[in-house]
Each structure stands twice: as structure tokens, then as C-alpha cells.
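Have a look at the structure below, then the notes.
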Amino acid sequence: MKQILVEYNRDKSAAEQLGEIREEFCSGEYKSLLIHIFSGITDESLLTGIAKEIEGFCQTGLVVGTISAGEIKDGWVMSKGILVSAMLFRETEIQIHSFEAVLGREAEVGTKIRELLDSISDLKAAELFMPGTEMDTKEMFERISRCRKGIAIFGGYPGGTSLNSPEHFIFSSEGALYDALKVVTYAGKNLYVSTEKSIGWRALGLPFKVTKGYGKDLEEINDRPAAEVYEKFLRIDRKQHNNAEEAFEFPLLTRLNGDDMLRSVVHIREDGSLRLHGFVTEGMDVFLSYGDPSRIVETVNKRLEELCEFRPEVILLYSCIVRKTFWEDFVDMEMEPFARICSTSGFHTWGEILRDAETGVLSENNITLLSIGMREGEPKDTDVKSVRVDDTVLQGQASLLKRLTRLVYITMEELQKARQQLAFMAERDALTGLFNRGKIEQLINERLDMHDCVTSLVMVDLDFFKRINDTYGHDIGDTALTNVSDILADSVKALEGACAGRWGGEEFLILLPDVDEEAAMLYAEELRKKVEGHCFPMPEGLTISQGVVTVRECHDRKHVYKMVDDALYKSKINGRNRVTKAEWS
């Protein structure tokens with residue numbers, strides 16, 4: 001397998017520029033030739049003509065073209081040029097499939113693509129090119145994801161060099177395509193493909209809940225117009241021209257199938273809704289996020305290590321235009337190291353497409369650096385030097401940005417820890433660590449409100465606790481309370497959904513979901529024995545009295561609480577250190 005890259009000059013003929021490609025392909029050593037054209041020039045007639053000329057000269061109809069926000073030649077970004085990437089395969093079968101009139105038929109087209117992929121034997125990879133900013137990719141990708149496991153799927157969306165570019169199309173010798181997609185299939189027993197994405201954006205602040213929205217339209221967050229998130233935290237005016245460009249570098253971050261996903265803003269509308277790259281669904285948690293240079297470099301370096309071990313013969317890079325905008329003058333820094341492994345080409349996209357190798361789910365990504373390594377046959381037995389991003393070039397303002405993002409990250413981490421601690425304290429009893437009365441009552445009430453289920457409650461009271469405080473002091477009394485609490489906490493661990501809380505003073509209440517009356521009485525008796533046999537810091541030890549109630553359908557919560565309290569009272573008046581079952585009245 002081999003890749004030949006040519007920076008195409010439109011003032012010269014194909015014969016003058018592509019002679020090496022034709023000569024190599026005609027040598028008889030290769031089975032297939034695939035040509036990608038990545039163009040920063042958006043002249044439709046010019047690109048159609050170039051595609052036709054290349055097809056004719058190279059004696060192949062396997063040409064796929066896309067406009068680009070930046071052409072990547074051996075890890076370096078060209079400036080509004082035309083990059084021709086010729087991939088030559090010794091054994092792999094390459095085919096290009098076209099699907100037209102996709103808008104409004106996304107689900108149907110997704111099913112057809114899935115059927116196509118499953119029909120090709122020894123298929124190892126599929127590459128998608130589509131002007132997908134307006135397409136319902138959620139419906140389409142859900143169906144494509146159902147193809148057999150083991151097929152790597154990747155690709156990108158085209159777009160111009162400006163963040164507000166209205167141009168999004170792919171092309172071939174037949175013309176420009178705005179409502180169509182191309183699928184390139186790679187089939188061969190000895191073809192090996194490695195795909196991965198690198199992100200490096202971090203969550204900023206607390207999560208927000210999507211309360212209204214579907215597909216790529218996000219209307220409300222936390223029951224408020226979605227645009228208010230950007231207005232409040234970033235002071236981006238929804239009425240301002242080019243407002244989306246200001247929001248691009250602070251995308252929304254969510255997690256899907258255990259994977260980080262970014263959703264950048266295409267447009268902030270005056271009604272407060274957002275048009276996104278990528279879908280959202282109601283109930284989804286989203287964060288504002290920011291690019292952390294150190295984290296970005298870390299994720300790219302991890303991928304470089306993987307590719308060095310994989311030893312590809314060709315690398316494709318599909319990198320989001322937002323990453324290009326984020327890095328500005330340092331945009332080549334994260335891509336150039338890939339070319340030190342092998343020949344590297346690609347383009348800056350308006351969205352990246354990747355199938356998760358583990359789950360098989362195909363997703364639309366934003367602000368990622370998508371890297372695809374390919375080789376035919378086993379890896380060559382040669383020494384591969386370690387390749388890493390050289391971020392020492394980040395000086396001045398870029399260096400300051402690294403320190404500031406580090407400060408933000410550490411601050412957010414500390415705030416998150418403090419928030420978790422406050423949340424813990426808000427629902428826990430300070431002395432015993434068990435749930436406090438408010439929390440245990442909330443959990444019990446939620447359970448009692450459920451239908452067609454059995455629930456048991458156990459109320460526990462320490463016998464003669466006032467005498468312990470009066471005789472030995474409150475420190476010993478507190479120790480006795482914590483000892484009993486530890487026993488209670490340990491006793492509920494083996495029961496799914498069970499929990500214990502301090503009801504007040506020396507009283508505790510235990511929730512036992514799906515535990516019937518007989519089992520609840522046995523549980524309480526075992527608990528009584530454990531407390532009675534425990535070594536307390538008082539020579540006379542300590543015992544507990546308990547009341548048990550079992551509920552199958554609750555019509556009056558207060559009555560349930562009264563019944564378990566009455567059962568406990570009977571244990572106390574009948575001699576203590578015993579368990580009493582509530583009698584329904």
C-alpha cells in the first residue's frame with residue numbers, strides 16, 4: 001500500500017502533475033487506485049473539470065472530492081489549495097457508491113447503506129463524505145450502526161474556510177452534490193484499519209439539562225431558552241452578527257454510550273434556540289466546555305503511540321475547523337507528527353464521522369482530530385521511533401493560555417470536590433454518617449408511592465440510652481451511637497436498595513425494599529443479636545428495641561409511620577431488647 005500526494009496546480013495539466021501516480025499504478029503491482037481531492041477552492045465547474053481530467057489521465061473512475069476548510073498534506077495545512085491524494089492498494093478492492101436525494105429520506109438511505117455494507121465480503125472499512133449540516137444524521141447513523149461488527153466507519157463533512165461559510169458540497173466528475181453522499185468501501189482479507197479520535201476539550205462548570213429539543217435544534221436548557229447559557233456565561237448576544245463564531249470554541253459537551261461528544265453551535269437564533277452540529281435529546285446532560293492545550297496534546301500523543309505500534313502505511317486525518325481556529329498559528333503542531341510515521345493526508349472538516357470499535361455505534365463528532373491508519377498485511381519488522389507533539393513552540397500568549405486553562409481545570413476540580421462534599425453533608429447525619437431524617441424520609445416516601453411492590457420498615461431505638469449519657473458522659477454516648485450506626489450500615493449492604501437513616505436522637509429507621517414480613521422479622525432479629533453481642537465501651541453493653549411494618553400498598557404514609565412507631569413502643573413496654581411486628585388496623 002502506498003500514498004502519493006500532489007499539490008495540484010490548476011494552471012498545469014494532469015499529465016504534468018500526476019505522472020508518478022499513473023506510472024506507479026500502471027506498474028502492475030497494484031490492484032486498486034483511490035483518489036481523494038481536497039479543495040479549498042469552491043468553484044464548482046473548476047472542480048468538476050479537474051475531477052474529470054484526473055479520472056481520464058489516471059485511468060480510474062475512483063475519484064471522490066470534497067471542499068475543505070484546510071487541506072492537510074503530510075501534516076501541514078495548505079492555504080486554499082487543491083490536494084490530490086492517491087492511495088494505491090496491492091490487494092484491497094475499492095468501490096465508490098453514490099446515494100442521492102438524501103434530505104427527508106435519511107432513515108431509508110441509512111438502511112440502504114447498512115444493507116450495502118453487509119453485502120460486501122471481507123469489508124474492513126467504509127468512508128463517508130456528505131454535506132451533512134442539514135441532514136438528520138441521527139436517524140441515518142442509527143441504521144448504519146446495525147451493520148456487522150468489525151467494519152470501521154469514518155469520514156467528514158465538507159465546508160468552506162470561514163466559520164460562517166454557506167458552502168457545503170462534495171463533488172465528482174459528474175458535478176457538485178449538495179443533497180447526496182458518497183460511500184467509499186475498502187474490502188480485503190489483508191487490510192488492517194485503525195481509527196480513533198482525539199479531543200482535549202474539558203467540561204466547564206456544572207451540568208445543564210436539555211429540557212426541550214430534538215435532533216440538531218436545541219430550544220431549552222433547564223426550562224430556559226438555550227441561548228441564555230451563552231449570554232450569561234460568555235456574554236454572547238443572540239442578536240449579534242456572527243454570534244455562532246464566538247460560541248464555536250465553547251461547545252456543549254455530553255456523554256453518549258460512555259464517550260465524550262462535543263456539540264458546537266452553528267447558529268444562535270433570536271428566539272433563544274440553538275442550531276447545533278450533532279444531535280441532542282431531551283433529558284440529556286450537557287456542559288459548556290473549553291479547549292485545554294495540555295489535554296489536547298496529551299490525547300494526540302496517546303494516539304501517536306497507538307499508531308507507532310500499529311505501523312500504518314497510510315494515515316488520513318480529518319480535523320475540525322474549530323480546532324484549526326483554536327490553534328491559529330500552531331495548527332500544524334498536532335498534525336505534523338503523524339507524517340513522521342508515514343504519508344499523511346486529509347482535510348479540515350465541518351464535522352467528523354466515526355464508528356466506535358467497541359459498541360459499533362456510528363456518531364457525528366465535532367472538534368475532534370480523527371486519525372485513520374491503514375496497512376496491507378502484517379506490520380513490517382522495522383524499528384519505529386517514538387513520535388510526539390512538540391509543544392515547546394507554545395510561547396507568549398499560547399503559553400499563557402496553557403497556564404490559564406490549567407488554572408481553570410484545577411479550580412473546577414476543587415469546586416466539584418467541594419460540591420460533592422456539600423451534597424454529601426446535605427443528606428447525611430453529621431455524627432453517624434447515615435442518611436439524615438430528611439433524606440431517609442424522602443427515600444421511604446418514594447418507595448411507598450410505588451404500586452404493586454412489598455416494602456418493610458424497621459424502627460430501631462437504643463435501650464436506656466439516657467442512662468448511658470448520664471452515667472458515662474456524652475462522649476461515650478456518641479461512641480455508642482456511632483457503633484450502632486456502623487452495625488446498621490453493614491447490615492443493609494447485602495440487601496439491594498436497602499438503607500438506614502437516623503430518625504432522631506437514638507432512633508433509626510431502616511428501609512427494606514422487596515422484603516416481606518417474615519424476612520423483615522428475621523432481619524431485625526439478626527440485627528438485635530449483633531448489637532447485643534457487640535463490645536461497647538460500657539461494661540453493661542447495649543441492646544436495641546425494634547418495630548417492624550410491612551406494606552404492600554400504601555394509602556396513607558402517616559399511618560405507616562405511626563404503625564411502625566407503635567410496634568417499637570410495644571417492644572419497649574414489653575421489656576425491651578426485642579422485635580415486635582406491627583398489626584394492621
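Following the order of the C-alpha cells, first chain is A, next is B, and so on, with residues numbered from 1 inside each chain and ligands from 1 in the order they appear.
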
| task | List every residue of stretch 214-274 of chain A that DSSP, applied to the backbone of this structure, places in helix (DSSP H, G or I), and write the result as a VMD selection string. | result | chain A and resid 227 to 234 243 to 247

Prev. selection, N, CA and C atoms, output as a PDB file, in the first residue's frame:
```pdb
ATOM      1  N   ALA A 227     -30.056  29.741  24.467  1.00  0.00           N
ATOM      2  CA  ALA A 227     -29.067  30.791  24.215  1.00  0.00           C
ATOM      3  C   ALA A 227     -28.645  31.508  25.485  1.00  0.00           C
ATOM      4  N   GLU A 228     -29.471  31.446  26.528  1.00  0.00           N
ATOM      5  CA  GLU A 228     -29.137  32.149  27.770  1.00  0.00           C
ATOM      6  C   GLU A 228     -27.856  31.612  28.406  1.00  0.00           C
ATOM      7  N   VAL A 229     -27.526  30.353  28.135  1.00  0.00           N
ATOM      8  CA  VAL A 229     -26.277  29.796  28.661  1.00  0.00           C
ATOM      9  C   VAL A 229     -25.092  30.577  28.119  1.00  0.00           C
ATOM     10  N   TYR A 230     -25.126  30.883  26.818  1.00  0.00           N
ATOM     11  CA  TYR A 230     -24.022  31.632  26.206  1.00  0.00           C
ATOM     12  C   TYR A 230     -24.088  33.116  26.551  1.00  0.00           C
ATOM     13  N   GLU A 231     -25.292  33.633  26.732  1.00  0.00           N
ATOM     14  CA  GLU A 231     -25.429  35.043  27.099  1.00  0.00           C
ATOM     15  C   GLU A 231     -24.952  35.289  28.532  1.00  0.00           C
ATOM     16  N   LYS A 232     -25.313  34.404  29.433  1.00  0.00           N
ATOM     17  CA  LYS A 232     -24.984  34.587  30.846  1.00  0.00           C
ATOM     18  C   LYS A 232     -23.508  34.365  31.130  1.00  0.00           C
ATOM     19  N   PHE A 233     -22.945  33.275  30.593  1.00  0.00           N
ATOM     20  CA  PHE A 233     -21.582  32.898  30.966  1.00  0.00           C
ATOM     21  C   PHE A 233     -20.513  33.440  30.023  1.00  0.00           C
ATOM     22  N   LEU A 234     -20.869  33.708  28.776  1.00  0.00           N
ATOM     23  CA  LEU A 234     -19.871  34.174  27.806  1.00  0.00           C
ATOM     24  C   LEU A 234     -20.206  35.536  27.195  1.00  0.00           C
ATOM     25  N   ASN A 243     -22.658  35.566  15.785  1.00  0.00           N
ATOM     26  CA  ASN A 243     -22.596  35.141  17.188  1.00  0.00           C
ATOM     27  C   ASN A 243     -22.127  33.694  17.334  1.00  0.00           C
ATOM     28  N   ALA A 244     -22.448  32.849  16.352  1.00  0.00           N
ATOM     29  CA  ALA A 244     -22.037  31.449  16.444  1.00  0.00           C
ATOM     30  C   ALA A 244     -20.523  31.303  16.414  1.00  0.00           C
ATOM     31  N   GLU A 245     -19.857  32.199  15.688  1.00  0.00           N
ATOM     32  CA  GLU A 245     -18.404  32.120  15.602  1.00  0.00           C
ATOM     33  C   GLU A 245     -17.773  32.319  16.976  1.00  0.00           C
ATOM     34  N   GLU A 246     -18.372  33.194  17.811  1.00  0.00           N
ATOM     35  CA  GLU A 246     -17.861  33.414  19.149  1.00  0.00           C
ATOM     36  C   GLU A 246     -18.123  32.204  20.053  1.00  0.00           C
ATOM     37  N   ALA A 247     -19.202  31.471  19.762  1.00  0.00           N
ATOM     38  CA  ALA A 247     -19.563  30.316  20.594  1.00  0.00           C
ATOM     39  C   ALA A 247     -18.849  29.039  20.174  1.00  0.00           C
TER      40      ALA A 247
END
```

| request: For stretch 501-516 of chain A, work out the shell of residues within 8 Å, counting only C-alpha atoms and skipping chain neighbours fewer than 6 positions away, then give it as a ChimeraX atom specification. | output: /A:429,432,434-437,439-440,444,447,453-462,465,481,495,550

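Among the candidates A:Lys570, A:Arg311, A:Asp475, A:Tyr318, the residue lying nearest to A:Cys342 is A:Arg311 (atoms considered: only C-alpha atoms).
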
| message | Considering only strand (DSSP E or B) as DSSP defines it on the backbone, what residues of stretch 309-345 of chain A qualify? List them as a PyMOL selection string. | response | chain A and resi 314-320+343-345

| request: Fewer than 4 positions away in the same chain doesn't count, so skip those; otherwise give me all residues within 10 Å of A:Leu123, counting only C-alpha atoms, as a list in words. | output: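 After dropping sequence-adjacent residues, the list is Thr92, Glu93, Ile94, Leu117, Asp118, Ser119, Arg148, Gly150, Ile151, Ala152, Thr185, Tyr186, Ala187, Gly188, Lys189 and Leu191 of chain A.
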
| By how many Å are atom CA of A:Lys124 and atom CA of A:Gly360 apart? |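 Distance between the two atoms: 13.2 Å.
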
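Using only C-alpha atoms, the shortest contact distance between A:Thr195 and any of A:Pro312, A:Gly65, A:Gly278, A:Pro251 is found at A:Pro312.
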
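Distances to A:Leu46 were evaluated for A:Lys417, A:Arg10, A:Arg467, A:Arg388 using only C-alpha atoms, and the minimum falls at A:Arg10.
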
| query | Leaving out stretch 381-385 of chain A and any residue of its chain fewer than 5 positions from it, which residues lie within 9 Å of it when counting only C-alpha atoms, given as a ChimeraX atom specification? | reply | /A:308-309,311,341

| Counting only C-alpha atoms, what is within 12 Å of A:Glu270, bar same-chain residues fewer than 3 positions away, as a ChimeraX atom specification? | /A:219,225-228,231,236-241,243-244,267,273-275

Output for the residues just chosen: N, CA and C atoms as a PDB file, in the first residue's frame:
```pdb
ATOM      1  N   GLU A 219     -33.721  23.887  21.995  1.00  0.00           N
ATOM      2  CA  GLU A 219     -34.581  25.031  22.313  1.00  0.00           C
ATOM      3  C   GLU A 219     -34.431  25.501  23.759  1.00  0.00           C
ATOM      4  N   PRO A 225     -34.591  29.456  27.596  1.00  0.00           N
ATOM      5  CA  PRO A 225     -34.035  29.469  26.242  1.00  0.00           C
ATOM      6  C   PRO A 225     -32.561  29.087  26.254  1.00  0.00           C
ATOM      7  N   ALA A 226     -32.178  28.178  25.378  1.00  0.00           N
ATOM      8  CA  ALA A 226     -30.828  27.627  25.392  1.00  0.00           C
ATOM      9  C   ALA A 226     -29.756  28.689  25.224  1.00  0.00           C
ATOM     10  N   ALA A 227     -30.056  29.741  24.467  1.00  0.00           N
ATOM     11  CA  ALA A 227     -29.067  30.791  24.215  1.00  0.00           C
ATOM     12  C   ALA A 227     -28.645  31.508  25.485  1.00  0.00           C
ATOM     13  N   GLU A 228     -29.471  31.446  26.528  1.00  0.00           N
ATOM     14  CA  GLU A 228     -29.137  32.149  27.770  1.00  0.00           C
ATOM     15  C   GLU A 228     -27.856  31.612  28.406  1.00  0.00           C
ATOM     16  N   GLU A 231     -25.292  33.633  26.732  1.00  0.00           N
ATOM     17  CA  GLU A 231     -25.429  35.043  27.099  1.00  0.00           C
ATOM     18  C   GLU A 231     -24.952  35.289  28.532  1.00  0.00           C
ATOM     19  N   ILE A 236     -22.407  36.451  25.023  1.00  0.00           N
ATOM     20  CA  ILE A 236     -22.613  36.418  23.578  1.00  0.00           C
ATOM     21  C   ILE A 236     -24.057  36.790  23.293  1.00  0.00           C
ATOM     22  N   ASP A 237     -24.260  37.893  22.593  1.00  0.00           N
ATOM     23  CA  ASP A 237     -25.591  38.422  22.307  1.00  0.00           C
ATOM     24  C   ASP A 237     -26.228  37.634  21.169  1.00  0.00           C
ATOM     25  N   ARG A 238     -27.430  37.119  21.410  1.00  0.00           N
ATOM     26  CA  ARG A 238     -28.091  36.326  20.367  1.00  0.00           C
ATOM     27  C   ARG A 238     -28.444  37.170  19.132  1.00  0.00           C
ATOM     28  N   LYS A 239     -28.508  38.488  19.283  1.00  0.00           N
ATOM     29  CA  LYS A 239     -28.845  39.356  18.155  1.00  0.00           C
ATOM     30  C   LYS A 239     -27.611  39.829  17.382  1.00  0.00           C
ATOM     31  N   GLN A 240     -26.451  39.492  17.895  1.00  0.00           N
ATOM     32  CA  GLN A 240     -25.211  39.957  17.280  1.00  0.00           C
ATOM     33  C   GLN A 240     -24.881  39.132  16.040  1.00  0.00           C
ATOM     34  N   HIS A 241     -24.386  39.792  14.997  1.00  0.00           N
ATOM     35  CA  HIS A 241     -23.988  39.104  13.772  1.00  0.00           C
ATOM     36  C   HIS A 241     -22.767  38.229  14.064  1.00  0.00           C
ATOM     37  N   ASN A 243     -22.658  35.566  15.785  1.00  0.00           N
ATOM     38  CA  ASN A 243     -22.596  35.141  17.188  1.00  0.00           C
ATOM     39  C   ASN A 243     -22.127  33.694  17.334  1.00  0.00           C
ATOM     40  N   ALA A 244     -22.448  32.849  16.352  1.00  0.00           N
ATOM     41  CA  ALA A 244     -22.037  31.449  16.444  1.00  0.00           C
ATOM     42  C   ALA A 244     -20.523  31.303  16.414  1.00  0.00           C
ATOM     43  N   HIS A 267     -25.649  28.178  14.868  1.00  0.00           N
ATOM     44  CA  HIS A 267     -26.336  29.471  14.852  1.00  0.00           C
ATOM     45  C   HIS A 267     -27.075  29.687  16.167  1.00  0.00           C
ATOM     46  N   SER A 273     -33.162  29.782  20.654  1.00  0.00           N
ATOM     47  CA  SER A 273     -32.811  28.396  20.356  1.00  0.00           C
ATOM     48  C   SER A 273     -31.446  28.335  19.680  1.00  0.00           C
ATOM     49  N   LEU A 274     -30.856  27.145  19.685  1.00  0.00           N
ATOM     50  CA  LEU A 274     -29.546  26.930  19.095  1.00  0.00           C
ATOM     51  C   LEU A 274     -29.635  25.881  18.002  1.00  0.00           C
ATOM     52  N   ARG A 275     -28.938  26.122  16.894  1.00  0.00           N
ATOM     53  CA  ARG A 275     -28.755  25.104  15.870  1.00  0.00           C
ATOM     54  C   ARG A 275     -27.361  24.525  16.068  1.00  0.00           C
TER      55      ARG A 275
END
```

| Closest of A:Val109, A:Ile67, A:Ala357, A:Val6 to A:Lys80 - atom-to-atom distances counting only C-alpha atoms | A:Ile67

| Straight-line distance linking atom CA of A:Gln420 with atom CA of A:Gln442, stated in Å to one decimal |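 Calculated distance between atom CA of A:Gln420 and atom CA of A:Gln442 is 19.4 Å.
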
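Atom CA of A:Ser363 is positioned 18.3 Å from atom CA of A:Glu115.
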
| task | Do a neighbour search on A:Tyr157 at 12 Å with only C-alpha atoms, toss out local chain neighbours closer than 6 positions, and write the hits as a ChimeraX atom specification. | result | /A:38,65-69,127-135,137,167-170,178,180-182,277-278,318-321,347-354,364-366

Write out the residues from the selection above, keeping N, CA and C atoms, as a tab-separated table (two decimals), in the first residue's frame.
```tsv
chain	number	residue	atom	x	y	z
A	38	PHE	N	-9.09	17.08	-2.09
A	38	PHE	CA	-9.49	18.00	-1.02
A	38	PHE	C	-9.21	19.42	-1.52
A	65	GLY	N	-14.31	13.74	-4.26
A	65	GLY	CA	-13.82	15.07	-3.93
A	65	GLY	C	-14.70	15.77	-2.92
A	66	THR	N	-14.07	16.62	-2.13
A	66	THR	CA	-14.80	17.41	-1.14
A	66	THR	C	-14.14	18.77	-0.99
A	67	ILE	N	-14.96	19.80	-0.81
A	67	ILE	CA	-14.37	21.09	-0.49
A	67	ILE	C	-13.87	21.03	0.95
A	68	SER	N	-12.97	21.94	1.29
A	68	SER	CA	-12.23	21.79	2.53
A	68	SER	C	-12.03	23.13	3.22
A	69	ALA	N	-11.99	23.07	4.56
A	69	ALA	CA	-11.64	24.26	5.35
A	69	ALA	C	-10.14	24.31	5.60
A	127	GLU	N	-15.89	4.71	4.19
A	127	GLU	CA	-15.62	6.14	4.37
A	127	GLU	C	-16.80	6.93	3.83
A	128	LEU	N	-17.31	7.85	4.64
A	128	LEU	CA	-18.49	8.63	4.26
A	128	LEU	C	-18.12	10.09	4.03
A	129	PHE	N	-18.57	10.63	2.90
A	129	PHE	CA	-18.46	12.07	2.63
A	129	PHE	C	-19.85	12.58	2.37
A	130	MET	N	-20.27	13.59	3.12
A	130	MET	CA	-21.63	14.07	3.00
A	130	MET	C	-21.74	15.51	3.48
A	131	PRO	N	-22.49	16.35	2.75
A	131	PRO	CA	-22.77	17.71	3.23
A	131	PRO	C	-23.84	17.67	4.30
A	132	GLY	N	-23.49	17.14	5.47
A	132	GLY	CA	-24.47	16.72	6.45
A	132	GLY	C	-24.96	17.76	7.43
A	133	THR	N	-24.65	19.03	7.23
A	133	THR	CA	-25.07	20.02	8.22
A	133	THR	C	-26.59	20.13	8.32
A	134	GLU	N	-27.33	19.78	7.26
A	134	GLU	CA	-28.78	19.87	7.29
A	134	GLU	C	-29.45	18.51	7.37
A	135	MET	N	-28.69	17.45	7.24
A	135	MET	CA	-29.27	16.11	7.23
A	135	MET	C	-29.56	15.62	8.65
A	137	THR	N	-28.77	13.19	10.64
A	137	THR	CA	-27.79	12.12	10.75
A	137	THR	C	-28.13	11.13	11.85
A	167	GLU	N	-21.15	27.36	2.05
A	167	GLU	CA	-20.88	26.33	1.04
A	167	GLU	C	-20.54	25.00	1.70
A	168	HIS	N	-21.31	23.97	1.33
A	168	HIS	CA	-21.10	22.62	1.85
A	168	HIS	C	-21.45	21.64	0.74
A	169	PHE	N	-20.46	21.13	0.04
A	169	PHE	CA	-20.77	20.15	-1.01
A	169	PHE	C	-19.58	19.23	-1.27
A	170	ILE	N	-19.92	18.06	-1.82
A	170	ILE	CA	-18.91	17.14	-2.32
A	170	ILE	C	-19.01	17.17	-3.84
A	178	TYR	N	-25.04	18.54	-3.39
A	178	TYR	CA	-25.44	19.19	-2.14
A	178	TYR	C	-26.38	18.32	-1.31
A	180	ALA	N	-26.52	14.72	-1.39
A	180	ALA	CA	-26.09	13.37	-1.72
A	180	ALA	C	-24.92	13.00	-0.82
A	181	LEU	N	-24.57	11.74	-0.82
A	181	LEU	CA	-23.38	11.32	-0.09
A	181	LEU	C	-22.66	10.24	-0.87
A	182	LYS	N	-21.37	10.14	-0.60
A	182	LYS	CA	-20.52	9.12	-1.22
A	182	LYS	C	-20.02	8.18	-0.14
A	277	HIS	N	-24.18	21.43	15.52
A	277	HIS	CA	-23.59	20.31	14.80
A	277	HIS	C	-23.76	19.10	15.71
A	278	GLY	N	-24.53	18.12	15.28
A	278	GLY	CA	-24.76	16.95	16.11
A	278	GLY	C	-26.08	17.04	16.85
A	318	TYR	N	-8.77	13.75	9.56
A	318	TYR	CA	-9.93	14.62	9.38
A	318	TYR	C	-10.08	15.43	10.65
A	319	SER	N	-9.79	16.73	10.56
A	319	SER	CA	-9.73	17.60	11.74
A	319	SER	C	-10.74	18.72	11.61
A	320	CYS	N	-11.43	19.01	12.70
A	320	CYS	CA	-12.50	20.01	12.68
A	320	CYS	C	-11.96	21.42	12.47
A	321	ILE	N	-12.72	22.23	11.76
A	321	ILE	CA	-12.36	23.63	11.52
A	321	ILE	C	-12.21	24.40	12.83
A	347	PHE	N	-8.19	16.58	5.50
A	347	PHE	CA	-8.74	17.93	5.36
A	347	PHE	C	-9.41	18.38	6.65
A	348	HIS	N	-9.59	19.69	6.76
A	348	HIS	CA	-10.33	20.26	7.89
A	348	HIS	C	-11.81	20.25	7.54
A	349	THR	N	-12.59	19.69	8.46
A	349	THR	CA	-13.99	19.36	8.23
A	349	THR	C	-14.93	20.31	8.98
A	350	TRP	N	-16.21	20.10	8.72
A	350	TRP	CA	-17.27	20.76	9.49
A	350	TRP	C	-17.99	19.74	10.37
A	351	GLY	N	-17.36	18.65	10.63
A	351	GLY	CA	-17.93	17.58	11.43
A	351	GLY	C	-17.25	16.29	11.05
A	352	GLU	N	-17.06	15.40	12.01
A	352	GLU	CA	-16.35	14.16	11.78
A	352	GLU	C	-17.26	12.97	12.08
A	353	ILE	N	-17.07	11.91	11.33
A	353	ILE	CA	-17.91	10.72	11.44
A	353	ILE	C	-17.03	9.56	11.90
A	354	LEU	N	-17.45	8.86	12.95
A	354	LEU	CA	-16.65	7.75	13.45
A	354	LEU	C	-17.53	6.70	14.10
A	364	GLU	N	-21.85	11.29	15.01
A	364	GLU	CA	-21.37	12.56	14.46
A	364	GLU	C	-20.57	13.26	15.55
A	365	ASN	N	-19.36	13.65	15.22
A	365	ASN	CA	-18.47	14.30	16.18
A	365	ASN	C	-18.16	15.72	15.75
A	366	ASN	N	-17.77	16.52	16.71
A	366	ASN	CA	-17.32	17.89	16.46
A	366	ASN	C	-16.01	18.13	17.19
```

| message | Calculated over only C-alpha atoms, which of the candidates A:Asp223, A:Glu496, A:Asp356, A:Asp490 has the smallest distance to A:Ser145? | response | A:Asp356

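Of the residues under consideration (A:Asp122, A:Glu220, A:Asp285, A:Glu298), A:Glu298 shows the shortest atom-to-atom contact distance to A:Ser198 when counting only C-alpha atoms.
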
| task | Tell me which protein, DNA and RNA residues are within 10 Å of A:Ile487, counting only C-alpha atoms, leaving out same-chain ones fewer than 3 positions away, and put them as a ChimeraX atom specification. | result | /A:482-484,490-492,527,530-531,534
